[in-house]
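Shown next: final-v4.tsv, containing TSV, C-alpha atoms.
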chain	number	residue	atom	x	y	z
A	12	MET	CA	39.28	-28.66	-41.75
A	13	LEU	CA	37.71	-26.35	-39.19
A	14	GLU	CA	37.72	-27.22	-35.50
A	15	GLN	CA	34.11	-26.22	-34.79
A	16	ILE	CA	31.05	-25.17	-36.76
A	17	TYR	CA	27.86	-23.93	-35.11
A	18	CYS	CA	24.46	-24.40	-36.77
A	19	VAL	CA	21.53	-22.33	-35.49
A	20	ASP	CA	18.12	-23.28	-36.88
A	21	ASP	CA	14.72	-24.07	-35.40
A	22	ASP	CA	14.09	-26.91	-37.85
A	23	VAL	CA	15.56	-30.18	-36.56
A	24	ILE	CA	15.59	-31.66	-40.07
A	25	THR	CA	17.69	-28.73	-41.30
A	26	LEU	CA	20.07	-29.17	-38.36
A	27	MET	CA	20.40	-32.87	-39.08
A	28	LEU	CA	21.02	-32.20	-42.78
A	29	CYS	CA	23.56	-29.50	-41.93
A	30	LYS	CA	25.47	-31.89	-39.68
A	31	LYS	CA	25.42	-34.72	-42.25
A	32	VAL	CA	26.60	-32.54	-45.14
A	33	ILE	CA	29.40	-30.98	-43.08
A	34	GLN	CA	30.52	-34.39	-41.80
A	35	ARG	CA	30.51	-35.97	-45.26
A	36	ALA	CA	32.53	-33.09	-46.66
A	37	ASP	CA	35.09	-33.33	-43.81
A	38	PHE	CA	34.63	-29.62	-43.19
A	39	ALA	CA	34.72	-29.62	-39.36
A	40	LYS	CA	35.85	-31.81	-36.50
A	41	GLU	CA	32.91	-30.79	-34.30
A	42	ILE	CA	29.43	-29.53	-35.17
A	43	LEU	CA	27.41	-27.81	-32.47
A	44	THR	CA	23.75	-26.83	-32.77
A	45	ALA	CA	21.13	-24.52	-31.31
A	46	THR	CA	17.43	-24.22	-32.10
A	47	ASN	CA	17.00	-20.45	-31.77
A	48	GLY	CA	18.92	-17.22	-31.38
A	49	GLU	CA	18.45	-17.09	-27.62
A	50	GLU	CA	20.18	-20.45	-27.19
A	51	ALA	CA	22.98	-19.20	-29.43
A	52	ILE	CA	23.44	-15.96	-27.46
A	53	LEU	CA	23.60	-17.94	-24.22
A	54	PHE	CA	26.20	-20.22	-25.83
A	55	PHE	CA	28.44	-17.26	-26.74
A	56	LYS	CA	27.81	-15.65	-23.34
A	57	GLU	CA	29.10	-18.79	-21.60
A	58	LEU	CA	32.09	-19.00	-23.95
A	59	ALA	CA	32.98	-15.38	-23.22
A	60	LYS	CA	33.34	-16.22	-19.51
A	61	LYS	CA	36.16	-18.67	-20.21
A	62	PRO	CA	39.78	-17.46	-19.96
A	63	ALA	CA	40.88	-18.43	-23.47
A	64	PRO	CA	37.70	-19.57	-25.16
A	65	SER	CA	37.73	-21.93	-28.08
A	66	TYR	CA	34.88	-20.84	-30.32
A	67	PRO	CA	33.31	-21.90	-33.62
A	68	SER	CA	35.10	-20.26	-36.51
A	69	LEU	CA	31.93	-20.52	-38.60
A	70	THR	CA	28.25	-20.31	-37.70
A	71	PHE	CA	25.37	-21.07	-40.05
A	72	LEU	CA	22.44	-18.92	-38.94
A	73	ASP	CA	18.77	-19.13	-39.89
A	74	LEU	CA	16.79	-15.88	-39.90
A	75	ASN	CA	13.25	-17.05	-39.20
A	76	MET	CA	13.17	-18.71	-35.78
A	77	PRO	CA	10.92	-18.48	-32.74
A	78	ILE	CA	11.98	-16.96	-29.40
A	79	MET	CA	14.85	-14.95	-30.95
A	80	ASN	CA	15.22	-14.73	-34.72
A	81	GLY	CA	18.47	-14.38	-36.64
A	82	TRP	CA	18.30	-10.59	-36.88
A	83	GLU	CA	17.71	-10.25	-33.13
A	84	PHE	CA	20.60	-12.63	-32.52
A	85	LEU	CA	22.97	-10.61	-34.74
A	86	ASP	CA	21.93	-7.36	-33.03
A	87	GLN	CA	22.46	-8.87	-29.57
A	88	TYR	CA	25.78	-10.41	-30.62
A	89	LEU	CA	27.10	-6.98	-31.65
A	90	LYS	CA	25.56	-5.19	-28.66
A	91	SER	CA	27.22	-7.68	-26.29
A	92	GLY	CA	30.64	-7.05	-27.85
A	93	TYR	CA	31.08	-10.64	-28.99
A	94	ASN	CA	32.40	-9.44	-32.32
A	95	GLU	CA	35.48	-8.23	-30.41
A	96	THR	CA	35.54	-11.17	-27.98
A	97	PHE	CA	35.52	-13.67	-30.86
A	98	PRO	CA	37.32	-11.78	-33.65
A	99	GLY	CA	37.75	-14.79	-35.94
A	100	ALA	CA	34.12	-15.90	-35.79
A	101	LYS	CA	32.35	-15.70	-39.13
A	102	PHE	CA	28.65	-16.13	-39.86
A	103	ILE	CA	26.82	-17.37	-42.91
A	104	VAL	CA	23.13	-16.68	-43.07
A	105	LEU	CA	21.46	-19.87	-44.28
A	106	SER	CA	17.85	-19.02	-44.96
A	107	SER	CA	14.85	-19.89	-47.08
A	108	THR	CA	13.98	-16.21	-47.50
A	109	ILE	CA	14.04	-14.84	-51.02
A	110	ASP	CA	13.79	-11.18	-50.03
A	111	PRO	CA	16.70	-9.26	-51.60
A	112	GLN	CA	16.46	-6.75	-48.73
A	113	ASP	CA	17.52	-9.52	-46.34
A	114	VAL	CA	20.66	-10.13	-48.38
A	115	GLU	CA	21.37	-6.40	-48.36
A	116	LYS	CA	20.67	-6.11	-44.62
A	117	THR	CA	23.37	-8.70	-43.79
A	118	LYS	CA	25.96	-6.19	-45.00
A	119	ASN	CA	25.28	-4.22	-41.78
A	120	TYR	CA	26.87	-7.02	-39.78
A	121	PRO	CA	30.66	-7.21	-40.13
A	122	MET	CA	30.81	-10.84	-38.98
A	123	VAL	CA	28.41	-12.05	-41.70
A	124	VAL	CA	30.47	-13.18	-44.68
A	125	ASP	CA	27.84	-14.81	-46.89
A	126	PHE	CA	24.14	-15.41	-47.47
A	127	LEU	CA	23.12	-18.84	-48.75
A	128	SER	CA	19.74	-20.32	-49.58
A	129	LYS	CA	18.52	-23.46	-47.86
A	130	PRO	CA	19.02	-26.33	-48.04
A	131	ILE	CA	22.74	-26.63	-47.46
A	132	THR	CA	24.41	-28.87	-50.02
A	133	LYS	CA	27.74	-30.64	-50.39
A	134	GLU	CA	28.49	-28.28	-53.31
A	135	MET	CA	28.03	-25.28	-51.01
A	136	ILE	CA	30.43	-26.78	-48.48
A	137	GLU	CA	32.97	-27.60	-51.18
A	138	GLU	CA	32.79	-24.00	-52.40
A	139	LEU	CA	33.30	-22.72	-48.84
A	140	LYS	CA	36.29	-25.03	-48.42
A	141	GLU	CA	37.74	-23.72	-51.69
A	142	LYS	CA	37.25	-20.09	-50.57
A	143	ALA	CA	38.91	-20.84	-47.24
A	144	HIS	CA	41.82	-22.57	-48.97
A	145	ASN	CA	42.33	-19.65	-51.38
A	146	LYS	CA	42.51	-17.14	-48.51
A	147	LYS	CA	45.56	-18.87	-47.06
Is it possible to express this structure as structure tokens?
Amino acid sequence: MLEQIYCVDDDVITLMLCKKVIQRADFAKEILTATNGEEAILFFKELAKKPAPSYPSLTFLDLNMPIMNGWEFLDQYLKSGYNETFPGAKFIVLSSTIDPQDVEKTKNYPMVVDFLSKPITKEMIEELKEKAHNKK
């Protein structure tokens, strides 16, 4: 079980579903949320100020959001050096986009480990748990 998971999506229904599925699968002790990339960047900025920050080991990130979309968030995350500040943080793009170029583009971001299509399901979480277990 992970300590923290972060879900970033502008759709409150998707955030609620994400939390419910993760809770039912016993995948994380704590689930934090943000409604756009700007909120998420501010979250990581505040974490980075702490002496020994505890940070989410996994973040589900939507691409299409107002204020700051997922791509802008990923660019800002790298530019701010958070990839080095939080070396164990992994991201999964969770999007409704069907553009194969988006899947390909995620490969430019070393912290992005997967691209999944919405909605999140218990089967997806079980598969992620299995992958995490097999890496140990």
- Find the distance between CA of Gly48 (chain A) and CA of Phe84 (chain A) and write it in Å to one decimal. 5.0 Å
Quick one: 5 Å padding each side, axis-aligned, all listed atoms of region 80-99 of chain A - centre and edge lengths in Å to one decimal, as lines of an AutoDock Vina configuration file?
center_x = 26.5
center_y = -10.0
center_z = -31.6
size_x = 32.5
size_y = 19.6
size_z = 20.6
- Counting only C-alpha atoms, the option among A:Arg35, A:Lys118, A:Lys90, A:Lys30 closest to Phe71 (chain A): A:Lys30
- Item | Contact residues around Ile103 (chain A) with only C-alpha atoms at 9 Å, ignoring same-chain residues under 2 positions, as a VMD selection string | chain A and resid 69 to 73 101 105 122 to 127
If you keep C-alpha atoms, can you produce a file of those selected residues as a PDB file, in the frame of the given file?
ATOM      1  CA  LEU A  69      31.930 -20.520 -38.600  1.00  0.00           C
ATOM      2  CA  THR A  70      28.250 -20.310 -37.700  1.00  0.00           C
ATOM      3  CA  PHE A  71      25.370 -21.070 -40.050  1.00  0.00           C
ATOM      4  CA  LEU A  72      22.440 -18.920 -38.940  1.00  0.00           C
ATOM      5  CA  ASP A  73      18.770 -19.130 -39.890  1.00  0.00           C
ATOM      6  CA  LYS A 101      32.350 -15.700 -39.130  1.00  0.00           C
ATOM      7  CA  LEU A 105      21.460 -19.870 -44.280  1.00  0.00           C
ATOM      8  CA  MET A 122      30.810 -10.840 -38.980  1.00  0.00           C
ATOM      9  CA  VAL A 123      28.410 -12.050 -41.700  1.00  0.00           C
ATOM     10  CA  VAL A 124      30.470 -13.180 -44.680  1.00  0.00           C
ATOM     11  CA  ASP A 125      27.840 -14.810 -46.890  1.00  0.00           C
ATOM     12  CA  PHE A 126      24.140 -15.410 -47.470  1.00  0.00           C
ATOM     13  CA  LEU A 127      23.120 -18.840 -48.750  1.00  0.00           C
TER      14      LEU A 127
END
Write out as CSV the residues of region 17-115 of chain A that have any atom within 10 Å of an atom of region 134-138 of chain A, one row each with the nearest atom pair and its distance in Å to one decimal, counting all atoms listed in the file, sorted by chain and then rising number.
residue,atom,partner,partner_atom,distance
A:Cys29,CA,A:Ile136,CA,9.9
A:Val32,CA,A:Ile136,CA,7.7
A:Ile33,CA,A:Ile136,CA,6.9
A:Arg35,CA,A:Ile136,CA,9.7
A:Ala36,CA,A:Ile136,CA,6.9
A:Asp37,CA,A:Ile136,CA,9.3
A:Phe38,CA,A:Ile136,CA,7.3
- Query: Which is closest to Glu14 (chain A) among A:Met27, A:Met76, A:Leu89, A:Ile42, if we use all atoms listed in the file?
  - Reply: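 Nearest to Glu14 (chain A): A:Ile42.
If you look at CA of Pro67 (chain A) and CA of Tyr17 (chain A), they are 6.0 Å away from each other.
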- Could you please determine the separation between CA of Asn80 (chain A) and CA of Pro121 (chain A) in Å, to one decimal place? 18.0 Å
- Task: Using only C-alpha atoms, determine which residues lie at most 12 Å from Leu58 (chain A), disregarding the query and same-chain residues fewer than 5 positions distant; provide the list as a ChimeraX atom specification.
- Result: /A:51-53,63-67,93,96-97
- Message: Taking only C-alpha atoms into account, name the residue in A:Ala39, A:Leu74, A:Val114, A:Ala45 that is nearest to Ile16 (chain A).
- Response: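 Closest to Ile16 (chain A), using only C-alpha atoms: A:Ala39.
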- Task: Identify which of the residues A:Leu139, A:Val104, A:Leu43, A:Ile109 lies closest to Leu26 (chain A), counting only C-alpha atoms when measuring atom-to-atom distances.
- Result: A:Leu43
- For Leu28 (chain A), list every protein, DNA or RNA residue within 9 Å, evaluated using only C-alpha atoms, and leave out those in the same chain fewer than 4 positions away; present the list as a list in words.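 The filter keeps Val23, Ile24, Val32, Ile33, Pro130, Ile131 and Thr132 of chain A.
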Neighbours of Ile78 (chain A) within 10 Å (all atoms listed in the file; same-chain residues fewer than 2 positions away dropped), as a JSON list (two decimals) with C-alpha atoms, in the frame of the given file?
[["chain", "number", "residue", "atom", "x", "y", "z"],
["A", 21, "ASP", "CA", 14.72, -24.07, -35.40],
["A", 46, "THR", "CA", 17.43, -24.22, -32.10],
["A", 47, "ASN", "CA", 17.00, -20.45, -31.77],
["A", 48, "GLY", "CA", 18.92, -17.22, -31.38],
["A", 49, "GLU", "CA", 18.45, -17.09, -27.62],
["A", 50, "GLU", "CA", 20.18, -20.45, -27.19],
["A", 75, "ASN", "CA", 13.25, -17.05, -39.20],
["A", 76, "MET", "CA", 13.17, -18.71, -35.78],
["A", 80, "ASN", "CA", 15.22, -14.73, -34.72],
["A", 83, "GLU", "CA", 17.71, -10.25, -33.13]]
